[in-house]
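*Asks:* This is the content of work28.pdb (PDB, C-alpha atoms and all ligand atoms):
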```
MODEL        1
ATOM      1  CA  MET A   1      23.591  45.363  64.525  1.00  0.00           C
ATOM      2  CA  ARG A   2      22.428  44.823  60.964  1.00  0.00           C
ATOM      3  CA  GLU A   3      23.050  48.394  59.912  1.00  0.00           C
ATOM      4  CA  ASN A   4      26.746  47.973  60.830  1.00  0.00           C
ATOM      5  CA  GLN A   5      27.245  45.058  58.468  1.00  0.00           C
ATOM      6  CA  PRO A   6      28.166  46.955  55.268  1.00  0.00           C
ATOM      7  CA  ILE A   7      30.707  49.035  57.207  1.00  0.00           C
ATOM      8  CA  ARG A   8      32.382  45.890  58.603  1.00  0.00           C
ATOM      9  CA  VAL A   9      32.529  44.284  55.163  1.00  0.00           C
ATOM     10  CA  THR A  10      34.062  47.410  53.693  1.00  0.00           C
ATOM     11  CA  ALA A  11      36.629  47.580  56.498  1.00  0.00           C
ATOM     12  CA  ALA A  12      37.571  43.905  56.027  1.00  0.00           C
ATOM     13  CA  ARG A  13      37.962  44.481  52.310  1.00  0.00           C
ATOM     14  CA  GLN A  14      40.098  47.552  52.913  1.00  0.00           C
ATOM     15  CA  ASN A  15      42.307  45.586  55.349  1.00  0.00           C
ATOM     16  CA  ALA A  16      42.791  42.875  52.741  1.00  0.00           C
ATOM     17  CA  ARG A  17      43.771  45.473  50.128  1.00  0.00           C
ATOM     18  CA  ASP A  18      46.150  47.188  52.552  1.00  0.00           C
ATOM     19  CA  GLU A  19      47.832  43.869  53.375  1.00  0.00           C
ATOM     20  CA  ALA A  20      48.161  43.080  49.666  1.00  0.00           C
ATOM     21  CA  ALA A  21      49.479  46.574  48.863  1.00  0.00           C
ATOM     22  CA  ASP A  22      52.205  46.173  51.511  1.00  0.00           C
ATOM     23  CA  LEU A  23      53.303  43.036  49.657  1.00  0.00           C
ATOM     24  CA  GLY A  24      53.386  44.791  46.272  1.00  0.00           C
ATOM     25  CA  ILE A  25      50.239  43.009  45.105  1.00  0.00           C
ATOM     26  CA  ASP A  26      48.019  44.954  42.712  1.00  0.00           C
ATOM     27  CA  HIS A  27      46.244  44.185  39.430  1.00  0.00           C
ATOM     28  CA  ASP A  28      49.481  44.668  37.466  1.00  0.00           C
ATOM     29  CA  PHE A  29      51.380  42.159  39.603  1.00  0.00           C
ATOM     30  CA  ILE A  30      48.516  39.640  39.372  1.00  0.00           C
ATOM     31  CA  SER A  31      48.510  40.009  35.599  1.00  0.00           C
ATOM     32  CA  LEU A  32      52.280  39.371  35.474  1.00  0.00           C
ATOM     33  CA  LEU A  33      51.952  36.392  37.838  1.00  0.00           C
ATOM     34  CA  VAL A  34      49.188  34.735  35.827  1.00  0.00           C
ATOM     35  CA  ASP A  35      50.912  35.329  32.457  1.00  0.00           C
ATOM     36  CA  SER A  36      54.263  34.034  33.777  1.00  0.00           C
ATOM     37  CA  PHE A  37      52.779  30.976  35.485  1.00  0.00           C
ATOM     38  CA  TYR A  38      50.686  29.823  32.521  1.00  0.00           C
ATOM     39  CA  ASP A  39      53.577  30.487  30.099  1.00  0.00           C
ATOM     40  CA  ARG A  40      55.459  27.868  32.106  1.00  0.00           C
ATOM     41  CA  ILE A  41      52.700  25.394  32.750  1.00  0.00           C
ATOM     42  CA  ARG A  42      51.436  25.185  29.181  1.00  0.00           C
ATOM     43  CA  THR A  43      54.816  23.800  28.073  1.00  0.00           C
ATOM     44  CA  HIS A  44      55.157  21.403  31.040  1.00  0.00           C
ATOM     45  CA  GLU A  45      55.521  17.797  29.920  1.00  0.00           C
ATOM     46  CA  GLU A  46      52.746  16.390  32.138  1.00  0.00           C
ATOM     47  CA  LEU A  47      50.422  19.326  32.854  1.00  0.00           C
ATOM     48  CA  GLY A  48      50.751  21.162  29.518  1.00  0.00           C
ATOM     49  CA  PRO A  49      48.620  18.658  27.563  1.00  0.00           C
ATOM     50  CA  ILE A  50      45.792  18.786  30.140  1.00  0.00           C
ATOM     51  CA  PHE A  51      45.591  22.569  29.822  1.00  0.00           C
ATOM     52  CA  ASN A  52      46.034  22.637  26.053  1.00  0.00           C
ATOM     53  CA  ASP A  53      43.398  19.901  25.500  1.00  0.00           C
ATOM     54  CA  ALA A  54      40.845  21.755  27.651  1.00  0.00           C
ATOM     55  CA  ILE A  55      41.670  25.304  26.537  1.00  0.00           C
ATOM     56  CA  GLY A  56      42.739  24.901  22.906  1.00  0.00           C
ATOM     57  CA  ASP A  57      42.870  28.323  21.236  1.00  0.00           C
ATOM     58  CA  ASN A  58      41.066  30.068  24.102  1.00  0.00           C
ATOM     59  CA  TRP A  59      44.064  30.979  26.242  1.00  0.00           C
ATOM     60  CA  GLY A  60      43.123  34.693  26.248  1.00  0.00           C
ATOM     61  CA  PRO A  61      39.771  34.156  28.036  1.00  0.00           C
ATOM     62  CA  HIS A  62      41.342  31.592  30.422  1.00  0.00           C
ATOM     63  CA  LEU A  63      44.094  34.030  31.440  1.00  0.00           C
ATOM     64  CA  ASP A  64      41.472  36.772  31.967  1.00  0.00           C
ATOM     65  CA  THR A  65      39.455  34.381  34.162  1.00  0.00           C
ATOM     66  CA  MET A  66      42.521  33.507  36.214  1.00  0.00           C
ATOM     67  CA  LYS A  67      43.409  37.192  36.667  1.00  0.00           C
ATOM     68  CA  ARG A  68      39.892  37.853  37.971  1.00  0.00           C
ATOM     69  CA  PHE A  69      40.157  34.779  40.216  1.00  0.00           C
ATOM     70  CA  TRP A  70      43.415  35.904  41.844  1.00  0.00           C
ATOM     71  CA  ALA A  71      42.224  39.540  42.092  1.00  0.00           C
ATOM     72  CA  SER A  72      39.161  38.268  43.977  1.00  0.00           C
ATOM     73  CA  VAL A  73      41.306  36.105  46.263  1.00  0.00           C
ATOM     74  CA  ALA A  74      44.089  38.627  46.917  1.00  0.00           C
ATOM     75  CA  LEU A  75      42.388  42.002  46.538  1.00  0.00           C
ATOM     76  CA  HIS A  76      38.786  41.019  47.384  1.00  0.00           C
ATOM     77  CA  ASP A  77      37.582  42.887  44.310  1.00  0.00           C
ATOM     78  CA  GLY A  78      34.741  40.430  43.641  1.00  0.00           C
ATOM     79  CA  SER A  79      35.516  40.224  39.926  1.00  0.00           C
ATOM     80  CA  TYR A  80      35.523  36.377  39.706  1.00  0.00           C
ATOM     81  CA  THR A  81      32.145  34.662  39.566  1.00  0.00           C
ATOM     82  CA  GLY A  82      33.023  31.193  38.199  1.00  0.00           C
ATOM     83  CA  ARG A  83      32.862  27.709  39.673  1.00  0.00           C
ATOM     84  CA  PRO A  84      36.302  26.047  39.941  1.00  0.00           C
ATOM     85  CA  VAL A  85      35.123  22.614  41.148  1.00  0.00           C
ATOM     86  CA  PRO A  86      33.069  21.600  38.060  1.00  0.00           C
ATOM     87  CA  ALA A  87      35.773  23.083  35.783  1.00  0.00           C
ATOM     88  CA  HIS A  88      38.265  20.593  37.246  1.00  0.00           C
ATOM     89  CA  MET A  89      35.875  17.663  37.702  1.00  0.00           C
ATOM     90  CA  LYS A  90      35.510  17.351  33.944  1.00  0.00           C
ATOM     91  CA  LEU A  91      39.283  17.148  33.278  1.00  0.00           C
ATOM     92  CA  GLU A  92      40.408  13.676  32.265  1.00  0.00           C
ATOM     93  CA  GLY A  93      43.531  12.184  33.800  1.00  0.00           C
ATOM     94  CA  LEU A  94      43.875  14.570  36.747  1.00  0.00           C
ATOM     95  CA  ASN A  95      45.584  13.045  39.806  1.00  0.00           C
ATOM     96  CA  PRO A  96      46.714  14.363  43.227  1.00  0.00           C
ATOM     97  CA  GLY A  97      50.399  14.338  42.213  1.00  0.00           C
ATOM     98  CA  MET A  98      49.575  16.900  39.532  1.00  0.00           C
ATOM     99  CA  PHE A  99      48.358  19.319  42.194  1.00  0.00           C
ATOM    100  CA  ALA A 100      51.754  19.051  43.925  1.00  0.00           C
ATOM    101  CA  THR A 101      53.444  19.808  40.582  1.00  0.00           C
ATOM    102  CA  TRP A 102      51.074  22.754  39.982  1.00  0.00           C
ATOM    103  CA  LEU A 103      51.852  24.189  43.443  1.00  0.00           C
ATOM    104  CA  GLY A 104      55.607  23.711  42.938  1.00  0.00           C
ATOM    105  CA  MET A 105      55.518  25.601  39.650  1.00  0.00           C
ATOM    106  CA  PHE A 106      53.365  28.351  41.120  1.00  0.00           C
ATOM    107  CA  GLU A 107      55.897  28.793  43.946  1.00  0.00           C
ATOM    108  CA  GLU A 108      58.845  28.829  41.513  1.00  0.00           C
ATOM    109  CA  THR A 109      57.121  31.530  39.448  1.00  0.00           C
ATOM    110  CA  LEU A 110      56.439  33.600  42.562  1.00  0.00           C
ATOM    111  CA  ASN A 111      60.017  33.242  43.786  1.00  0.00           C
ATOM    112  CA  ASP A 112      61.245  34.557  40.427  1.00  0.00           C
ATOM    113  CA  ILE A 113      59.032  37.645  40.201  1.00  0.00           C
ATOM    114  CA  ALA A 114      57.794  38.516  43.724  1.00  0.00           C
ATOM    115  CA  PRO A 115      58.340  42.148  44.735  1.00  0.00           C
ATOM    116  CA  THR A 116      58.887  41.266  48.439  1.00  0.00           C
ATOM    117  CA  PRO A 117      60.074  38.084  50.252  1.00  0.00           C
ATOM    118  CA  ASP A 118      56.648  37.687  51.876  1.00  0.00           C
ATOM    119  CA  THR A 119      54.654  37.881  48.631  1.00  0.00           C
ATOM    120  CA  PRO A 120      55.153  34.173  47.768  1.00  0.00           C
ATOM    121  CA  ILE A 121      54.051  33.202  51.290  1.00  0.00           C
ATOM    122  CA  PHE A 122      50.811  35.192  50.883  1.00  0.00           C
ATOM    123  CA  PHE A 123      49.939  33.498  47.574  1.00  0.00           C
ATOM    124  CA  MET A 124      51.113  30.012  48.545  1.00  0.00           C
ATOM    125  CA  GLU A 125      48.989  29.950  51.703  1.00  0.00           C
ATOM    126  CA  ARG A 126      45.929  30.682  49.596  1.00  0.00           C
ATOM    127  CA  ALA A 127      46.899  28.435  46.678  1.00  0.00           C
ATOM    128  CA  ARG A 128      47.502  25.443  49.007  1.00  0.00           C
ATOM    129  CA  ARG A 129      44.174  25.954  50.749  1.00  0.00           C
ATOM    130  CA  ILE A 130      42.281  26.163  47.445  1.00  0.00           C
ATOM    131  CA  ALA A 131      44.209  23.200  45.965  1.00  0.00           C
ATOM    132  CA  ASN A 132      43.312  21.106  49.040  1.00  0.00           C
ATOM    133  CA  SER A 133      39.675  22.067  48.738  1.00  0.00           C
ATOM    134  CA  LEU A 134      39.616  21.235  45.005  1.00  0.00           C
ATOM    135  CA  GLN A 135      41.233  17.856  45.681  1.00  0.00           C
ATOM    136  CA  LEU A 136      38.749  17.014  48.434  1.00  0.00           C
ATOM    137  CA  ASN A 137      35.907  17.709  46.005  1.00  0.00           C
ATOM    138  CA  ILE A 138      37.457  15.908  43.043  1.00  0.00           C
ATOM    139  CA  PHE A 139      39.042  12.852  44.636  1.00  0.00           C
ATOM    140  CA  TYR A 140      37.592  12.270  48.092  1.00  0.00           C
ATOM    141  CA  ASN A 141      33.974  13.398  48.181  1.00  0.00           C
ATOM    142  CA  PRO A 142      31.670  10.418  47.586  1.00  0.00           C
ATOM    143  CA  THR A 143      28.703  12.685  46.858  1.00  0.00           C
ATOM    144  CA  THR A 144      30.389  14.567  44.032  1.00  0.00           C
ATOM    145  CA  SER A 145      33.035  12.175  42.766  1.00  0.00           C
ATOM    146  CA  ALA A 146      33.067   8.650  41.451  1.00  0.00           C
ATOM    147  CA  ARG A 147      36.836   8.702  41.103  1.00  0.00           C
ATOM    148  CA  GLN A 148      39.110   6.453  43.153  1.00  0.00           C
ATOM    149  CA  THR A 149      42.682   7.368  44.089  1.00  0.00           C
TER     150      THR A 149
HETATM  151  C1  LIG B 201      46.665  19.691  38.649  1.00  0.00           C
HETATM  152  C2  LIG B 201      46.391  20.958  38.838  1.00  0.00           C
HETATM  153  C3  LIG B 201      45.471  21.745  37.915  1.00  0.00           C
HETATM  154  C4  LIG B 201      45.145  21.554  36.615  1.00  0.00           C
HETATM  155  C5  LIG B 201      45.667  20.489  35.646  1.00  0.00           C
HETATM  156  C6  LIG B 201      44.197  22.592  36.273  1.00  0.00           C
HETATM  157  C7  LIG B 201      43.636  22.759  35.009  1.00  0.00           C
HETATM  158  C8  LIG B 201      42.676  23.681  34.699  1.00  0.00           C
HETATM  159  C9  LIG B 201      42.040  23.808  33.397  1.00  0.00           C
HETATM  160  C10 LIG B 201      42.386  22.971  32.183  1.00  0.00           C
HETATM  161  C11 LIG B 201      41.127  24.785  33.494  1.00  0.00           C
HETATM  162  C12 LIG B 201      40.206  25.300  32.367  1.00  0.00           C
HETATM  163  C13 LIG B 201      38.932  24.526  32.356  1.00  0.00           C
HETATM  164  C14 LIG B 201      38.037  25.000  31.237  1.00  0.00           C
HETATM  165  O1  LIG B 201      37.982  26.200  30.944  1.00  0.00           O
HETATM  166  O2  LIG B 201      37.374  24.167  30.635  1.00  0.00           O
HETATM  167  C15 LIG B 201      41.184  25.303  34.842  1.00  0.00           C
HETATM  168  C16 LIG B 201      40.399  26.323  35.313  1.00  0.00           C
HETATM  169  C17 LIG B 201      40.587  26.908  36.536  1.00  0.00           C
HETATM  170  N1  LIG B 201      41.507  26.570  37.492  1.00  0.00           N
HETATM  171 FE1  LIG B 201      42.738  24.984  37.438  1.00  0.00          FE
HETATM  172  N2  LIG B 201      43.971  23.388  37.357  1.00  0.00           N
HETATM  173  C18 LIG B 201      44.748  22.915  38.395  1.00  0.00           C
HETATM  174  C19 LIG B 201      44.834  23.438  39.656  1.00  0.00           C
HETATM  175  C20 LIG B 201      44.266  24.609  40.060  1.00  0.00           C
HETATM  176  C21 LIG B 201      44.494  25.257  41.327  1.00  0.00           C
HETATM  177  C22 LIG B 201      45.425  24.714  42.418  1.00  0.00           C
HETATM  178  C23 LIG B 201      43.748  26.388  41.322  1.00  0.00           C
HETATM  179  C24 LIG B 201      43.599  27.448  42.384  1.00  0.00           C
HETATM  180  C25 LIG B 201      44.514  27.685  43.320  1.00  0.00           C
HETATM  181  C26 LIG B 201      43.031  26.443  40.076  1.00  0.00           C
HETATM  182  C27 LIG B 201      42.122  27.418  39.708  1.00  0.00           C
HETATM  183  C28 LIG B 201      41.375  27.409  38.561  1.00  0.00           C
HETATM  184  C29 LIG B 201      40.299  28.344  38.292  1.00  0.00           C
HETATM  185  C30 LIG B 201      39.810  29.465  39.179  1.00  0.00           C
HETATM  186  C31 LIG B 201      39.789  28.021  37.010  1.00  0.00           C
HETATM  187  C32 LIG B 201      38.645  28.715  36.268  1.00  0.00           C
HETATM  188  C33 LIG B 201      37.350  27.961  36.511  1.00  0.00           C
HETATM  189  C34 LIG B 201      36.196  28.682  35.808  1.00  0.00           C
HETATM  190  O3  LIG B 201      35.661  29.624  36.392  1.00  0.00           O
HETATM  191  O4  LIG B 201      35.894  28.310  34.667  1.00  0.00           O
HETATM  192  N3  LIG B 201      43.384  25.355  39.323  1.00  0.00           N
HETATM  193  N4  LIG B 201      42.132  24.612  35.548  1.00  0.00           N
ENDMDL
END
```
Take the structure from the file and write it as structure tokens.
*Replies:*
Amino acid sequence: MRENQPIRVTAARQNARDEAADLGIDHDFISLLVDSFYDRIRTHEELGPIFNDAIGDNWGPHLDTMKRFWASVALHDGSYTGRPVPAHMKLEGLNPGMFATWLGMFEETLNDIAPTPDTPIFFMERARRIANSLQLNIFYNPTTSARQT
């Protein structure tokens, strides 16, 4: 069975790309989504300072990282190789309510620019899952977090 493995992986990847393509999702749309979302969030009263304190003048590299992240999630292109949990663990002042705000702004951005009605659903399913996983690691995992909520 082992020799079939690469073929299955390739087929799964192709299915993911086909699903994304049907929803108008390609590298250009991901680039627009990331630029539009972070344009909004960096001026947000509560979340803006957290991003600006951590990122400073390095918005270009952060946006490139986020484009690779979403291309890996949506298009399975394998271009993101970072570690989101430690990147968020070190942020001061993060709380669970901020994740709800983040998700709300991500959904608003998608609703404004999505090429099909189902495109926001595709991204929000994934964003919610990842946000939940980040929160479990940051706020609720006694082996990796000393924080209390
Ligand atoms: C309250 C909500 C959030 C805040 C305030 C936040 C803030 C940040 C900041 C400031 C960074 C840059 C860290 C650094 O470069 O030093 C970062 C990185 C990142 N964030 Fe978030 N984030 C939030 C939620 C999310 C969610 C929901 C996702 C995914 C769906 C996400 C995905 C990422 C990824 C992939 C990185 C790059 C990590 C790396 O490889 O360096 N973030 N975030």
*Asks:* Taking all atoms listed in the file into account, which residues have an atom no farther than 7 Å from ligand LIG 201 (chain B)? I'd like them as an mmCIF file with C-alpha atoms, in the coordinates of the input.
*Replies:*
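Okay, part30.cif is ready:
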```
data_model
loop_
_atom_site.group_PDB
_atom_site.id
_atom_site.type_symbol
_atom_site.label_atom_id
_atom_site.label_comp_id
_atom_site.auth_asym_id
_atom_site.auth_seq_id
_atom_site.Cartn_x
_atom_site.Cartn_y
_atom_site.Cartn_z
ATOM 1 C CA LEU A 47 50.422 19.326 32.854
ATOM 2 C CA ILE A 50 45.792 18.786 30.140
ATOM 3 C CA PHE A 51 45.591 22.569 29.822
ATOM 4 C CA ALA A 54 40.845 21.755 27.651
ATOM 5 C CA ILE A 55 41.670 25.304 26.537
ATOM 6 C CA HIS A 62 41.342 31.592 30.422
ATOM 7 C CA THR A 65 39.455 34.381 34.162
ATOM 8 C CA MET A 66 42.521 33.507 36.214
ATOM 9 C CA PHE A 69 40.157 34.779 40.216
ATOM 10 C CA THR A 81 32.145 34.662 39.566
ATOM 11 C CA GLY A 82 33.023 31.193 38.199
ATOM 12 C CA ARG A 83 32.862 27.709 39.673
ATOM 13 C CA PRO A 84 36.302 26.047 39.941
ATOM 14 C CA ALA A 87 35.773 23.083 35.783
ATOM 15 C CA HIS A 88 38.265 20.593 37.246
ATOM 16 C CA LEU A 91 39.283 17.148 33.278
ATOM 17 C CA LEU A 94 43.875 14.570 36.747
ATOM 18 C CA ASN A 95 45.584 13.045 39.806
ATOM 19 C CA MET A 98 49.575 16.900 39.532
ATOM 20 C CA PHE A 99 48.358 19.319 42.194
ATOM 21 C CA TRP A 102 51.074 22.754 39.982
ATOM 22 C CA LEU A 103 51.852 24.189 43.443
ATOM 23 C CA ALA A 127 46.899 28.435 46.678
ATOM 24 C CA ARG A 128 47.502 25.443 49.007
ATOM 25 C CA ILE A 130 42.281 26.163 47.445
ATOM 26 C CA ALA A 131 44.209 23.200 45.965
#
```
*Asks:* Can you spell out as a compact mmCIF listing (two decimals) with C-alpha atoms, keeping the file's coordinate frame the set of residues that the PyMOL selection byres (((chain A and resi 111) around 12) and not hetatm) selects in the structure I just provided?
*Replies:*
```txt
# COMPACT_ATOMS: atom_id res chain seq x y z
CA LEU A 33 51.95 36.39 37.84
CA SER A 36 54.26 34.03 33.78
CA PHE A 37 52.78 30.98 35.48
CA GLY A 104 55.61 23.71 42.94
CA MET A 105 55.52 25.60 39.65
CA PHE A 106 53.36 28.35 41.12
CA GLU A 107 55.90 28.79 43.95
CA GLU A 108 58.84 28.83 41.51
CA THR A 109 57.12 31.53 39.45
CA LEU A 110 56.44 33.60 42.56
CA ASP A 112 61.24 34.56 40.43
CA ILE A 113 59.03 37.65 40.20
CA ALA A 114 57.79 38.52 43.72
CA PRO A 115 58.34 42.15 44.74
CA THR A 116 58.89 41.27 48.44
CA PRO A 117 60.07 38.08 50.25
CA ASP A 118 56.65 37.69 51.88
CA THR A 119 54.65 37.88 48.63
CA PRO A 120 55.15 34.17 47.77
CA ILE A 121 54.05 33.20 51.29
CA PHE A 122 50.81 35.19 50.88
CA PHE A 123 49.94 33.50 47.57
CA MET A 124 51.11 30.01 48.54
```
*Asks:* Using Å and a single decimal, report how far CA of Glu46 (chain A) sits from CA of Phe139 (chain A).
*Replies:* 18.9 Å
*Asks:* Kindly give the distance, in Å, that separates CA of Arg17 (chain A) and CA of Asp35 (chain A), rounded to a single decimal.
*Replies:*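 Atom-to-atom, CA of Arg17 (chain A) to CA of Asp35 (chain A), that is 21.6 Å.
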*Asks:* State, in Å with one decimal place, the distance from CA of Tyr80 (chain A) to CA of Ile30 (chain A).
*Replies:*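 If I compute the distance from CA of Tyr80 (chain A) to CA of Ile30 (chain A), I get 13.4 Å.
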*Asks:* Would you mind putting N, CA and C atoms back on region 61-94 of chain A and writing the result as a PDB file, keeping the file's coordinate frame?
*Replies:*
```pdb
ATOM      1  N   PRO A  61      40.833  34.157  27.016  1.00  0.00           N
ATOM      2  CA  PRO A  61      39.771  34.156  28.036  1.00  0.00           C
ATOM      3  C   PRO A  61      40.178  33.425  29.326  1.00  0.00           C
ATOM      4  N   HIS A  62      40.947  32.309  29.204  1.00  0.00           N
ATOM      5  CA  HIS A  62      41.342  31.592  30.422  1.00  0.00           C
ATOM      6  C   HIS A  62      42.236  32.479  31.292  1.00  0.00           C
ATOM      7  N   LEU A  63      43.201  33.158  30.662  1.00  0.00           N
ATOM      8  CA  LEU A  63      44.094  34.030  31.440  1.00  0.00           C
ATOM      9  C   LEU A  63      43.303  35.164  32.094  1.00  0.00           C
ATOM     10  N   ASP A  64      42.319  35.721  31.370  1.00  0.00           N
ATOM     11  CA  ASP A  64      41.472  36.772  31.967  1.00  0.00           C
ATOM     12  C   ASP A  64      40.708  36.230  33.175  1.00  0.00           C
ATOM     13  N   THR A  65      40.176  34.996  33.029  1.00  0.00           N
ATOM     14  CA  THR A  65      39.455  34.381  34.162  1.00  0.00           C
ATOM     15  C   THR A  65      40.378  34.231  35.364  1.00  0.00           C
ATOM     16  N   MET A  66      41.603  33.746  35.102  1.00  0.00           N
ATOM     17  CA  MET A  66      42.521  33.507  36.214  1.00  0.00           C
ATOM     18  C   MET A  66      42.965  34.819  36.867  1.00  0.00           C
ATOM     19  N   LYS A  67      43.059  35.889  36.076  1.00  0.00           N
ATOM     20  CA  LYS A  67      43.409  37.192  36.667  1.00  0.00           C
ATOM     21  C   LYS A  67      42.274  37.681  37.571  1.00  0.00           C
ATOM     22  N   ARG A  68      41.022  37.464  37.117  1.00  0.00           N
ATOM     23  CA  ARG A  68      39.892  37.853  37.971  1.00  0.00           C
ATOM     24  C   ARG A  68      39.849  36.991  39.234  1.00  0.00           C
ATOM     25  N   PHE A  69      40.150  35.691  39.063  1.00  0.00           N
ATOM     26  CA  PHE A  69      40.157  34.779  40.216  1.00  0.00           C
ATOM     27  C   PHE A  69      41.145  35.270  41.280  1.00  0.00           C
ATOM     28  N   TRP A  70      42.402  35.515  40.850  1.00  0.00           N
ATOM     29  CA  TRP A  70      43.415  35.904  41.844  1.00  0.00           C
ATOM     30  C   TRP A  70      43.159  37.313  42.383  1.00  0.00           C
ATOM     31  N   ALA A  71      42.569  38.203  41.581  1.00  0.00           N
ATOM     32  CA  ALA A  71      42.224  39.540  42.092  1.00  0.00           C
ATOM     33  C   ALA A  71      41.127  39.417  43.154  1.00  0.00           C
ATOM     34  N   SER A  72      40.212  38.473  42.968  1.00  0.00           N
ATOM     35  CA  SER A  72      39.161  38.268  43.977  1.00  0.00           C
ATOM     36  C   SER A  72      39.748  37.679  45.247  1.00  0.00           C
ATOM     37  N   VAL A  73      40.696  36.735  45.086  1.00  0.00           N
ATOM     38  CA  VAL A  73      41.306  36.105  46.263  1.00  0.00           C
ATOM     39  C   VAL A  73      42.199  37.111  47.005  1.00  0.00           C
ATOM     40  N   ALA A  74      43.057  37.809  46.267  1.00  0.00           N
ATOM     41  CA  ALA A  74      44.089  38.627  46.917  1.00  0.00           C
ATOM     42  C   ALA A  74      43.620  40.041  47.236  1.00  0.00           C
ATOM     43  N   LEU A  75      42.779  40.594  46.364  1.00  0.00           N
ATOM     44  CA  LEU A  75      42.388  42.002  46.538  1.00  0.00           C
ATOM     45  C   LEU A  75      40.919  42.151  46.933  1.00  0.00           C
ATOM     46  N   HIS A  76      40.224  41.016  47.021  1.00  0.00           N
ATOM     47  CA  HIS A  76      38.786  41.019  47.384  1.00  0.00           C
ATOM     48  C   HIS A  76      38.002  41.968  46.479  1.00  0.00           C
ATOM     49  N   ASP A  77      38.296  41.940  45.179  1.00  0.00           N
ATOM     50  CA  ASP A  77      37.582  42.887  44.310  1.00  0.00           C
ATOM     51  C   ASP A  77      36.289  42.303  43.729  1.00  0.00           C
ATOM     52  N   GLY A  78      36.022  41.030  44.031  1.00  0.00           N
ATOM     53  CA  GLY A  78      34.741  40.430  43.641  1.00  0.00           C
ATOM     54  C   GLY A  78      34.580  40.238  42.141  1.00  0.00           C
ATOM     55  N   SER A  79      35.661  40.261  41.392  1.00  0.00           N
ATOM     56  CA  SER A  79      35.516  40.224  39.926  1.00  0.00           C
ATOM     57  C   SER A  79      35.357  38.801  39.373  1.00  0.00           C
ATOM     58  N   TYR A  80      35.656  37.763  40.184  1.00  0.00           N
ATOM     59  CA  TYR A  80      35.523  36.377  39.706  1.00  0.00           C
ATOM     60  C   TYR A  80      34.188  35.797  40.161  1.00  0.00           C
ATOM     61  N   THR A  81      33.456  35.220  39.205  1.00  0.00           N
ATOM     62  CA  THR A  81      32.145  34.662  39.566  1.00  0.00           C
ATOM     63  C   THR A  81      31.995  33.220  39.076  1.00  0.00           C
ATOM     64  N   GLY A  82      33.112  32.542  38.759  1.00  0.00           N
ATOM     65  CA  GLY A  82      33.023  31.193  38.199  1.00  0.00           C
ATOM     66  C   GLY A  82      32.909  30.107  39.248  1.00  0.00           C
ATOM     67  N   ARG A  83      32.988  28.873  38.785  1.00  0.00           N
ATOM     68  CA  ARG A  83      32.862  27.709  39.673  1.00  0.00           C
ATOM     69  C   ARG A  83      34.028  26.751  39.404  1.00  0.00           C
ATOM     70  N   PRO A  84      35.098  26.845  40.205  1.00  0.00           N
ATOM     71  CA  PRO A  84      36.302  26.047  39.941  1.00  0.00           C
ATOM     72  C   PRO A  84      36.079  24.531  40.038  1.00  0.00           C
ATOM     73  N   VAL A  85      35.228  24.078  40.958  1.00  0.00           N
ATOM     74  CA  VAL A  85      35.123  22.614  41.148  1.00  0.00           C
ATOM     75  C   VAL A  85      34.645  21.911  39.877  1.00  0.00           C
ATOM     76  N   PRO A  86      33.487  22.294  39.292  1.00  0.00           N
ATOM     77  CA  PRO A  86      33.069  21.600  38.060  1.00  0.00           C
ATOM     78  C   PRO A  86      34.074  21.745  36.921  1.00  0.00           C
ATOM     79  N   ALA A  87      34.779  22.891  36.864  1.00  0.00           N
ATOM     80  CA  ALA A  87      35.773  23.083  35.783  1.00  0.00           C
ATOM     81  C   ALA A  87      36.871  22.029  35.870  1.00  0.00           C
ATOM     82  N   HIS A  88      37.212  21.600  37.092  1.00  0.00           N
ATOM     83  CA  HIS A  88      38.265  20.593  37.246  1.00  0.00           C
ATOM     84  C   HIS A  88      37.724  19.175  37.237  1.00  0.00           C
ATOM     85  N   MET A  89      36.483  19.008  37.683  1.00  0.00           N
ATOM     86  CA  MET A  89      35.875  17.663  37.702  1.00  0.00           C
ATOM     87  C   MET A  89      35.856  17.045  36.311  1.00  0.00           C
ATOM     88  N   LYS A  90      35.679  17.900  35.288  1.00  0.00           N
ATOM     89  CA  LYS A  90      35.510  17.351  33.944  1.00  0.00           C
ATOM     90  C   LYS A  90      36.848  17.040  33.268  1.00  0.00           C
ATOM     91  N   LEU A  91      37.982  17.380  33.914  1.00  0.00           N
ATOM     92  CA  LEU A  91      39.283  17.148  33.278  1.00  0.00           C
ATOM     93  C   LEU A  91      39.674  15.682  33.400  1.00  0.00           C
ATOM     94  N   GLU A  92      39.996  15.088  32.281  1.00  0.00           N
ATOM     95  CA  GLU A  92      40.408  13.676  32.265  1.00  0.00           C
ATOM     96  C   GLU A  92      41.862  13.557  32.713  1.00  0.00           C
ATOM     97  N   GLY A  93      42.146  12.519  33.494  1.00  0.00           N
ATOM     98  CA  GLY A  93      43.531  12.184  33.800  1.00  0.00           C
ATOM     99  C   GLY A  93      44.159  12.975  34.932  1.00  0.00           C
ATOM    100  N   LEU A  94      43.340  13.788  35.628  1.00  0.00           N
ATOM    101  CA  LEU A  94      43.875  14.570  36.747  1.00  0.00           C
ATOM    102  C   LEU A  94      44.179  13.640  37.921  1.00  0.00           C
TER     103      LEU A  94
END
```
